[in-house]
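Heads up, upload-v2.csv below (CSV, C-alpha atoms):
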```
chain,number,residue,atom,x,y,z
K,28,MET,CA,99.1,-8.2,-41.5
K,29,LEU,CA,97.0,-5.0,-41.8
K,30,ARG,CA,100.0,-2.7,-42.0
K,31,GLY,CA,100.4,-3.6,-45.6
K,32,VAL,CA,96.8,-3.0,-46.4
K,33,ILE,CA,95.5,0.1,-44.5
K,34,ASP,CA,96.0,3.5,-45.9
K,35,THR,CA,97.9,5.1,-43.0
K,36,ALA,CA,98.3,8.3,-45.0
K,37,ASP,CA,94.6,9.2,-44.6
K,38,GLU,CA,94.7,12.1,-42.2
K,39,ARG,CA,91.5,10.9,-40.5
K,40,LEU,CA,93.3,7.9,-39.1
K,41,LEU,CA,95.0,9.3,-36.0
K,42,VAL,CA,96.1,5.9,-34.7
K,43,GLY,CA,96.4,2.8,-36.9
K,44,PRO,CA,98.2,-0.5,-36.8
K,45,GLU,CA,101.8,0.9,-37.2
K,46,SER,CA,102.3,1.5,-33.5
K,47,LEU,CA,100.9,-1.8,-32.3
K,48,ASP,CA,98.3,0.0,-30.2
K,49,ASP,CA,95.2,-1.5,-28.5
K,50,ALA,CA,92.6,0.3,-30.8
K,51,GLY,CA,92.3,2.5,-33.8
K,52,VAL,CA,91.5,6.2,-33.5
K,53,VAL,CA,89.6,8.1,-36.2
K,54,VAL,CA,89.2,11.8,-36.1
K,55,LEU,CA,85.8,13.2,-37.1
K,56,GLY,CA,85.5,16.5,-38.9
K,57,GLU,CA,83.1,18.6,-40.8
K,58,ASN,CA,82.8,16.0,-43.5
K,59,GLU,CA,81.4,13.6,-40.9
K,60,GLY,CA,78.9,16.2,-39.6
K,61,VAL,CA,81.0,17.7,-36.7
K,62,PRO,CA,80.3,21.4,-36.3
K,63,PRO,CA,83.3,23.7,-37.2
K,64,GLY,CA,85.9,23.8,-34.5
K,65,GLY,CA,84.6,20.6,-32.9
K,66,ARG,CA,87.1,18.1,-31.4
K,67,VAL,CA,86.1,14.5,-31.2
K,68,ALA,CA,87.5,11.2,-32.3
K,69,LEU,CA,86.2,7.6,-32.3
K,70,VAL,CA,88.2,4.8,-30.6
K,71,GLN,CA,87.4,1.5,-32.3
K,72,THR,CA,88.4,-2.0,-31.3
K,73,VAL,CA,87.3,-5.7,-31.5
K,74,ASP,CA,88.1,-8.7,-29.3
K,75,PHE,CA,86.6,-12.1,-28.8
K,76,PHE,CA,87.9,-15.5,-27.6
K,77,PRO,CA,86.8,-19.0,-26.5
K,78,PRO,CA,85.8,-19.7,-22.9
K,79,VAL,CA,88.4,-19.0,-20.2
K,80,VAL,CA,86.1,-20.2,-17.4
K,81,ASP,CA,83.2,-22.7,-17.2
K,82,ASP,CA,80.7,-20.3,-15.8
K,83,PRO,CA,78.8,-18.9,-18.8
K,84,PHE,CA,77.7,-15.6,-17.1
K,85,LEU,CA,81.3,-14.8,-16.0
K,86,TYR,CA,82.7,-15.8,-19.4
K,87,GLY,CA,80.4,-13.2,-21.0
K,88,ALA,CA,81.4,-10.6,-18.4
K,89,ILE,CA,85.2,-11.3,-18.9
K,90,ALA,CA,84.9,-11.2,-22.7
K,91,ALA,CA,83.1,-7.8,-22.4
K,92,ALA,CA,85.6,-6.4,-19.9
K,93,ASN,CA,88.5,-7.5,-22.1
K,94,ALA,CA,87.1,-5.8,-25.2
K,95,LEU,CA,86.1,-2.6,-23.3
K,96,SER,CA,89.6,-2.4,-21.9
K,97,ASP,CA,91.2,-1.4,-25.3
K,98,VAL,CA,89.1,1.8,-25.3
K,99,TYR,CA,90.2,2.6,-21.7
K,100,ALA,CA,93.8,2.0,-22.6
K,101,MET,CA,93.7,4.6,-25.3
K,102,GLY,CA,92.2,7.1,-22.9
K,103,GLY,CA,88.7,6.9,-24.3
K,104,ARG,CA,85.3,6.2,-23.0
K,105,PRO,CA,83.1,3.4,-24.3
K,106,LEU,CA,80.0,4.5,-26.3
K,107,THR,CA,78.5,1.4,-28.1
K,108,ALA,CA,79.2,-2.3,-28.4
K,109,LEU,CA,78.3,-4.9,-31.0
K,110,THR,CA,78.1,-8.5,-29.9
K,111,LEU,CA,80.2,-11.1,-31.7
K,112,ALA,CA,79.2,-14.7,-30.9
K,113,GLY,CA,79.8,-18.2,-32.2
K,114,PHE,CA,78.0,-21.2,-30.9
K,115,PRO,CA,77.9,-24.8,-32.1
K,116,LYS,CA,74.8,-26.6,-33.2
K,117,GLY,CA,72.9,-27.9,-30.2
K,118,PHE,CA,74.6,-25.5,-27.7
K,119,PRO,CA,72.3,-25.2,-24.7
K,120,GLY,CA,70.1,-22.1,-25.0
K,121,GLU,CA,70.3,-21.4,-21.3
K,122,TRP,CA,74.1,-21.2,-21.5
K,123,MET,CA,73.9,-19.0,-24.5
K,124,ALA,CA,71.5,-16.7,-22.7
K,125,GLU,CA,73.8,-16.5,-19.7
K,126,ILE,CA,76.9,-15.6,-21.8
K,127,LEU,CA,74.9,-12.8,-23.5
K,128,LYS,CA,73.6,-11.6,-20.2
K,129,GLY,CA,77.0,-11.5,-18.6
K,130,GLY,CA,78.4,-9.5,-21.4
K,131,PHE,CA,75.4,-7.2,-21.5
K,132,GLU,CA,75.6,-6.4,-17.8
K,133,LYS,CA,79.3,-5.6,-18.1
K,134,VAL,CA,78.8,-3.3,-21.1
K,135,ARG,CA,76.0,-1.5,-19.2
K,136,GLU,CA,78.3,-1.1,-16.2
K,137,SER,CA,80.7,0.7,-18.4
K,138,GLY,CA,78.0,3.2,-19.5
K,139,ALA,CA,78.0,2.0,-23.1
K,140,LEU,CA,75.1,0.5,-25.0
K,141,VAL,CA,74.8,-2.8,-26.7
K,142,ALA,CA,73.5,-1.8,-30.1
K,143,GLY,CA,73.2,-5.2,-31.8
K,144,GLY,CA,75.6,-7.9,-33.0
K,145,HIS,CA,76.1,-11.0,-35.1
K,146,THR,CA,76.1,-14.7,-34.4
K,147,VAL,CA,77.5,-17.6,-36.4
K,148,GLU,CA,77.6,-21.4,-36.0
K,149,SER,CA,81.1,-22.4,-34.9
K,150,ASP,CA,83.0,-23.4,-31.8
K,151,VAL,CA,82.2,-21.2,-28.8
K,152,GLN,CA,83.6,-17.7,-29.3
K,153,PHE,CA,82.3,-14.5,-27.7
K,154,GLY,CA,83.3,-10.8,-27.5
K,155,TYR,CA,82.5,-7.4,-28.8
K,156,SER,CA,83.4,-4.7,-31.3
K,157,VAL,CA,83.5,-1.5,-29.2
K,158,THR,CA,83.3,2.1,-30.2
K,159,GLY,CA,84.4,4.8,-27.8
K,160,TRP,CA,85.0,8.5,-28.0
K,161,ILE,CA,87.9,10.8,-27.0
K,162,ASP,CA,89.3,14.3,-27.4
K,163,PRO,CA,92.0,13.9,-30.1
K,164,ALA,CA,94.4,15.8,-27.9
K,165,ARG,CA,94.2,13.3,-25.1
K,166,VAL,CA,94.8,10.0,-27.0
K,167,ARG,CA,97.3,7.7,-25.1
K,168,THR,CA,99.3,5.7,-27.6
K,169,ASN,CA,102.2,3.2,-27.3
K,170,ALA,CA,104.5,5.8,-28.9
K,171,GLY,CA,104.4,8.5,-26.2
K,172,ALA,CA,106.8,7.2,-23.5
K,173,LYS,CA,109.9,9.3,-22.7
K,174,ALA,CA,113.2,8.5,-21.1
K,175,GLY,CA,112.9,8.8,-17.3
K,176,ASP,CA,109.2,7.9,-17.3
K,177,VAL,CA,107.9,5.3,-14.8
K,178,ALA,CA,105.3,2.5,-15.4
K,179,TYR,CA,102.5,1.4,-13.1
K,180,LEU,CA,100.4,-1.8,-13.4
K,181,THR,CA,96.8,-1.9,-12.1
K,182,LYS,CA,96.0,-5.6,-11.9
K,183,ALA,CA,97.9,-8.6,-10.6
K,184,LEU,CA,99.5,-11.1,-13.1
K,185,GLY,CA,98.9,-14.8,-13.3
K,186,MET,CA,95.6,-15.3,-15.2
K,187,GLY,CA,97.2,-17.6,-17.7
K,188,CYS,CA,98.4,-19.9,-14.9
K,189,MET,CA,95.0,-19.8,-13.1
K,190,THR,CA,92.9,-20.6,-16.1
K,191,THR,CA,95.2,-23.2,-17.5
K,192,ALA,CA,95.3,-25.0,-14.1
K,193,ALA,CA,91.5,-24.9,-13.9
K,194,LYS,CA,91.2,-26.4,-17.4
K,195,LEU,CA,93.5,-29.2,-16.5
K,196,GLY,CA,91.6,-29.9,-13.2
K,197,LYS,CA,94.6,-28.8,-11.0
K,198,ILE,CA,92.6,-26.3,-9.1
K,199,SER,CA,89.0,-26.1,-8.1
K,200,TRP,CA,86.3,-23.6,-9.3
K,201,GLU,CA,86.4,-22.0,-5.8
K,202,THR,CA,90.1,-21.3,-6.2
K,203,LEU,CA,89.6,-19.9,-9.7
K,204,LEU,CA,86.6,-17.7,-8.8
K,205,PRO,CA,88.6,-14.8,-7.4
K,206,ALA,CA,90.7,-14.7,-10.5
K,207,ALA,CA,87.6,-14.8,-12.7
K,208,ARG,CA,86.2,-11.8,-10.7
K,209,GLN,CA,89.5,-9.9,-11.4
K,210,MET,CA,89.2,-10.7,-15.1
K,211,ALA,CA,85.6,-9.4,-15.1
K,212,THR,CA,86.6,-6.1,-13.4
K,213,LEU,CA,86.5,-3.1,-15.7
K,214,ASN,CA,89.6,-0.8,-16.2
K,215,ASP,CA,87.4,2.3,-15.9
K,216,ARG,CA,88.8,3.3,-12.5
K,217,ALA,CA,92.4,3.0,-13.7
K,218,ALA,CA,91.5,5.1,-16.8
K,219,ARG,CA,90.0,7.8,-14.6
K,220,ALA,CA,93.2,7.8,-12.5
K,221,MET,CA,95.5,8.2,-15.4
K,222,ASP,CA,93.3,11.0,-16.8
K,223,ARG,CA,94.2,13.1,-13.7
K,224,VAL,CA,97.9,13.3,-14.6
K,225,ASP,CA,100.1,13.9,-17.6
K,226,THR,CA,100.1,10.3,-18.9
K,227,HIS,CA,102.5,9.7,-21.7
K,228,ALA,CA,101.5,6.2,-22.8
K,229,CYS,CA,99.3,3.3,-21.9
K,230,THR,CA,98.4,-0.2,-22.9
K,231,ASP,CA,96.4,-3.0,-21.3
K,232,ILE,CA,98.0,-6.3,-20.5
K,233,THR,CA,96.2,-9.1,-22.3
K,234,GLY,CA,97.3,-11.9,-24.7
K,235,PHE,CA,100.9,-10.9,-25.1
K,236,GLY,CA,101.5,-10.7,-21.4
K,237,LEU,CA,103.3,-8.0,-19.4
K,238,VAL,CA,106.5,-8.4,-21.4
K,239,GLY,CA,104.8,-8.5,-24.8
K,240,HIS,CA,102.7,-5.4,-24.3
K,241,ALA,CA,105.5,-3.5,-22.5
K,242,TYR,CA,107.7,-4.3,-25.4
K,243,ASN,CA,105.2,-2.7,-27.8
K,244,ILE,CA,105.5,0.6,-25.9
K,245,ALA,CA,109.3,0.4,-25.7
K,246,LYS,CA,109.5,-0.3,-29.4
K,247,ALA,CA,106.9,2.3,-30.5
K,248,SER,CA,108.6,4.9,-28.3
K,249,GLY,CA,112.2,4.1,-29.4
K,250,LEU,CA,113.3,3.4,-25.8
K,251,THR,CA,114.4,0.6,-23.5
K,252,LEU,CA,112.1,-0.4,-20.6
K,253,ARG,CA,113.6,-1.9,-17.4
K,254,ILE,CA,111.0,-4.1,-15.6
K,255,ARG,CA,111.7,-4.9,-12.0
K,256,VAL,CA,110.3,-8.4,-12.1
K,257,ASN,CA,110.3,-8.9,-8.4
K,258,ASP,CA,108.1,-5.9,-8.0
K,259,ALA,CA,105.5,-7.2,-10.5
K,260,PRO,CA,102.2,-8.0,-8.6
K,261,LEU,CA,101.2,-11.7,-8.7
K,262,PHE,CA,97.8,-13.1,-8.1
K,263,PRO,CA,97.6,-15.3,-5.0
K,264,GLY,CA,98.6,-18.8,-5.9
K,265,ALA,CA,99.9,-18.0,-9.4
K,266,LEU,CA,103.6,-18.3,-8.6
K,267,GLU,CA,103.0,-21.8,-7.1
K,268,LEU,CA,101.2,-22.9,-10.2
K,269,ALA,CA,104.1,-21.4,-12.3
K,270,GLN,CA,106.5,-23.4,-10.3
K,271,ARG,CA,104.6,-26.5,-11.4
K,272,GLY,CA,104.8,-25.5,-15.1
K,273,LEU,CA,101.2,-24.6,-15.4
K,274,PHE,CA,101.2,-21.8,-18.1
K,275,SER,CA,98.9,-21.0,-20.9
K,276,GLY,CA,101.5,-21.4,-23.6
K,277,GLY,CA,102.0,-17.7,-24.0
K,278,ALA,CA,105.2,-17.8,-22.0
K,279,LYS,CA,106.9,-20.2,-24.4
K,280,ARG,CA,105.6,-18.3,-27.5
K,281,GLY,CA,106.6,-14.9,-26.0
K,282,ARG,CA,110.1,-16.0,-25.2
K,283,ALA,CA,110.6,-17.5,-28.6
K,284,ALA,CA,109.3,-14.4,-30.4
K,285,LEU,CA,111.0,-11.7,-28.3
K,286,GLY,CA,114.0,-13.5,-26.8
K,287,SER,CA,116.6,-11.6,-28.9
K,288,GLU,CA,115.0,-8.2,-27.8
K,289,ILE,CA,115.1,-8.9,-24.1
K,290,GLU,CA,117.9,-9.1,-21.5
K,291,ILE,CA,117.0,-11.4,-18.6
K,292,GLY,CA,119.0,-10.6,-15.5
K,293,ALA,CA,121.0,-13.3,-13.9
K,294,GLY,CA,119.5,-15.0,-10.9
K,295,LEU,CA,115.8,-14.4,-11.8
K,296,PRO,CA,113.8,-17.5,-11.0
K,297,GLU,CA,112.5,-19.2,-14.2
K,298,PRO,CA,108.9,-19.5,-12.9
K,299,LEU,CA,108.8,-15.8,-12.2
K,300,VAL,CA,110.2,-14.9,-15.6
K,301,ASN,CA,107.7,-17.2,-17.3
K,302,LEU,CA,104.9,-15.5,-15.4
K,303,VAL,CA,105.7,-12.0,-16.8
K,304,PHE,CA,105.9,-13.5,-20.3
K,305,ASP,CA,102.7,-15.5,-20.0
K,306,ALA,CA,99.4,-14.4,-21.6
K,307,GLU,CA,96.9,-12.6,-19.5
K,308,THR,CA,93.1,-12.3,-19.9
K,309,SER,CA,91.5,-8.9,-19.3
K,310,GLY,CA,94.5,-7.7,-17.4
K,311,GLY,CA,95.2,-4.2,-16.0
K,312,LEU,CA,96.5,-1.1,-17.5
K,313,LEU,CA,100.2,-0.3,-17.8
K,314,ILE,CA,100.3,3.4,-17.3
K,315,VAL,CA,103.4,5.4,-18.2
K,316,VAL,CA,103.9,8.8,-16.6
K,317,PRO,CA,106.8,11.3,-16.0
K,318,ARG,CA,108.6,10.7,-12.8
K,319,ALA,CA,107.4,14.1,-11.6
K,320,ASP,CA,103.8,12.9,-11.9
K,321,ALA,CA,104.3,9.6,-10.2
K,322,GLU,CA,103.2,10.8,-6.8
K,323,ALA,CA,100.0,12.3,-8.3
K,324,LEU,CA,99.2,9.1,-10.1
K,325,GLU,CA,99.7,7.1,-7.0
K,326,ALA,CA,97.2,9.4,-5.2
K,327,ALA,CA,94.8,9.1,-8.0
K,328,LEU,CA,95.0,5.3,-8.0
K,329,ARG,CA,94.4,5.2,-4.2
K,330,ALA,CA,91.4,7.6,-4.7
K,331,GLU,CA,89.9,5.0,-7.0
K,332,ASP,CA,90.6,2.2,-4.5
K,333,LEU,CA,93.2,0.7,-6.7
K,334,PRO,CA,96.7,-0.7,-5.7
K,335,VAL,CA,99.9,1.2,-6.4
K,336,TRP,CA,102.3,-1.1,-8.2
K,337,PRO,CA,105.3,0.7,-9.9
K,338,VAL,CA,107.0,-2.0,-12.1
K,339,GLY,CA,109.6,-0.2,-14.3
K,340,GLU,CA,111.2,2.8,-15.8
K,341,PHE,CA,112.1,3.9,-19.3
K,342,LEU,CA,115.7,4.5,-20.3
K,343,ALA,CA,117.5,5.8,-23.3
K,344,PRO,CA,117.6,3.2,-26.0
K,345,GLY,CA,120.1,0.4,-25.3
K,346,SER,CA,121.1,-2.9,-27.0
K,347,LYS,CA,117.8,-4.4,-25.9
K,348,ARG,CA,114.2,-3.1,-25.9
K,349,LEU,CA,113.4,-4.7,-22.5
K,350,GLU,CA,115.6,-5.4,-19.5
K,351,LEU,CA,114.2,-7.8,-16.8
K,352,ARG,CA,115.9,-7.2,-13.5
```
The structure given in the file should be rewritten as structure tokens.
Amino acid sequence: MLRGVIDTADERLLVGPESLDDAGVVVLGENEGVPPGGRVALVQTVDFFPPVVDDPFLYGAIAAANALSDVYAMGGRPLTALTLAGFPKGFPGEWMAEILKGGFEKVRESGALVAGGHTVESDVQFGYSVTGWIDPARVRTNAGAKAGDVAYLTKALGMGCMTTAAKLGKISWETLLPAARQMATLNDRAARAMDRVDTHACTDITGFGLVGHAYNIAKASGLTLRIRVNDAPLFPGALELAQRGLFSGGAKRGRAALGSEIEIGAGLPEPLVNLVFDAETSGGLLIVVPRADAEALEAALRAEDLPVWPVGEFLAPGSKRLELR
């Protein structure tokens, strides 16, 4: 909707809505008080959503990690955060305090500062507007992938299945808790790993699922991305829930919206295909590097105590933007 409103011709707007990126990037110059020859840009994003878990502290932490992730995906570092909160009349004060505390602790873990915020009376909603900083020469956008590049994922998939199953009472809190902890994990280590190599593009996997966010990179880069579905990392128990049809709804919406742009290989199990379409909450980074840098990225990921999950490769543009194999 914003693409018809925002002045993308303004040279200060380095990254706007046209490339479907995770955040906007604005270059600061002498008019904004930067000394001559200085190189700095602001990364700006906003994200908030209703509860995905029943624990108020973890809900706040997950919402914060999710919002901060957009800055990491652009290659930036979080600087400040403004709280965005909606609570209904009569909402317990102790729950409100725990949500705010969970978010605050996660922002502090990132090294950023909570500088204020705004609250309205509404259904429960929580999140942050985050500002980060970056060297303009090191911005990672959706449009930078090149044919021959490989893609790595840094968190397991299946959060849509896990949270949906919990809401429907199909799994216990004890079963959901490890997934909640993954969702509350920052993508700071993944961002540090990709900074050590010649990263061409990056995005984080959230509401549009692996397929939706990968599609954005393929489209913005003018390429086809082949995803090896069987290599996609799955959170323990997620596939079993998918086989029972427990999805967030993102799988159905994604297939309806992108079906004509995606080739699904014969013989792929439907539950697995639905999983890579399904929505994720506070997912990992999808890091795109030249094949020559793949080994260096893998070493950097291991140095950050992160798993190494190559999931696809970029090809010259074909008849479809994505191939699921």
**Report entry** Between atom CA of K:Asp222 and atom CA of K:Ala330 - distance in Å to one decimal
**Finding:**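 Distance reported for this atom pair: 12.7 Å.
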Report task. List every protein, DNA or RNA residue that has an atom no more than 12 Å from (93.5, 13.7, -20.7) in the file's coordinate frame, counting all atoms listed in the file, and report them as a count of residues only. Result -> 25
Requested in this report: Check the smallest atom-to-atom distance from each of K:Val61, K:Val70, K:Leu140, K:Ala192 to K:Gly43 using all atoms listed in the file, then report the winner.
Outcome: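 Answer, going by the shortest atom-to-atom distance: K:Val70.
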Query raised in the report: Within 6 Å of stretch 48-60 of chain K, counting only C-alpha atoms, which residues qualify if same-chain residues fewer than 5 places away don't, as a PyMOL selection string?
Result: chain K and resi 39-43+68-72+97+169
Query - Nearest candidate to K:Ser46 (options K:Phe262, K:Phe235, K:Tyr242, K:Phe274; using only C-alpha atoms) - result: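 For K:Ser46, the nearest of the candidates is K:Tyr242.
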Taking every listed atom of stretch 103-119 of chain K and adding 6 Å to each side, what centre and edge lengths in Å (one decimal) does the axis-aligned box have, as JSON?
```
{"center_x": 80.5, "center_y": -10.5, "center_z": -28.1, "size_x": 28.4, "size_y": 46.8, "size_z": 22.2}
```
Requested in this report: Skip stretch 285-293 of chain K itself and residues of its chain fewer than 4 positions away, then list as a PyMOL selection string all residues within 7 Å of it, counting only C-alpha atoms.
Outcome: chain K and resi 281+347-352
Requested in this report: Find the residues around K:Gly130 up to 6 Å (only C-alpha atoms counted), leave out those fewer than 3 positions away in its own chain, and share them as an MDAnalysis selection string.
Outcome: chainID K and resid 87:88 91 127 133
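Of note, atom CA of K:Val79 and atom CA of K:Phe118 are spaced 17.0 Å apart.
Atom pair atom CA of K:Leu252 / atom CA of K:Ser309: separated by 22.3 Å.
Minimum atom-to-atom distance to K:Phe341, evaluated using only C-alpha atoms, belongs to K:Asp176 out of K:Asp215, K:Asp37, K:Asp82, K:Asp176.
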**Report entry** Shortest interatomic distance to K:Thr230 - which of K:Val98, K:Met123, K:Ala321, K:Leu261, counting all atoms listed in the file
**Finding:**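 Using all atoms listed in the file, the shortest distance to K:Thr230 belongs to K:Val98.
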**Report entry** Contact residues around K:Asp332 with only C-alpha atoms at 10 Å, ignoring same-chain residues under 6 positions, as a ChimeraX atom specification
**Finding:** /K:216-217,326
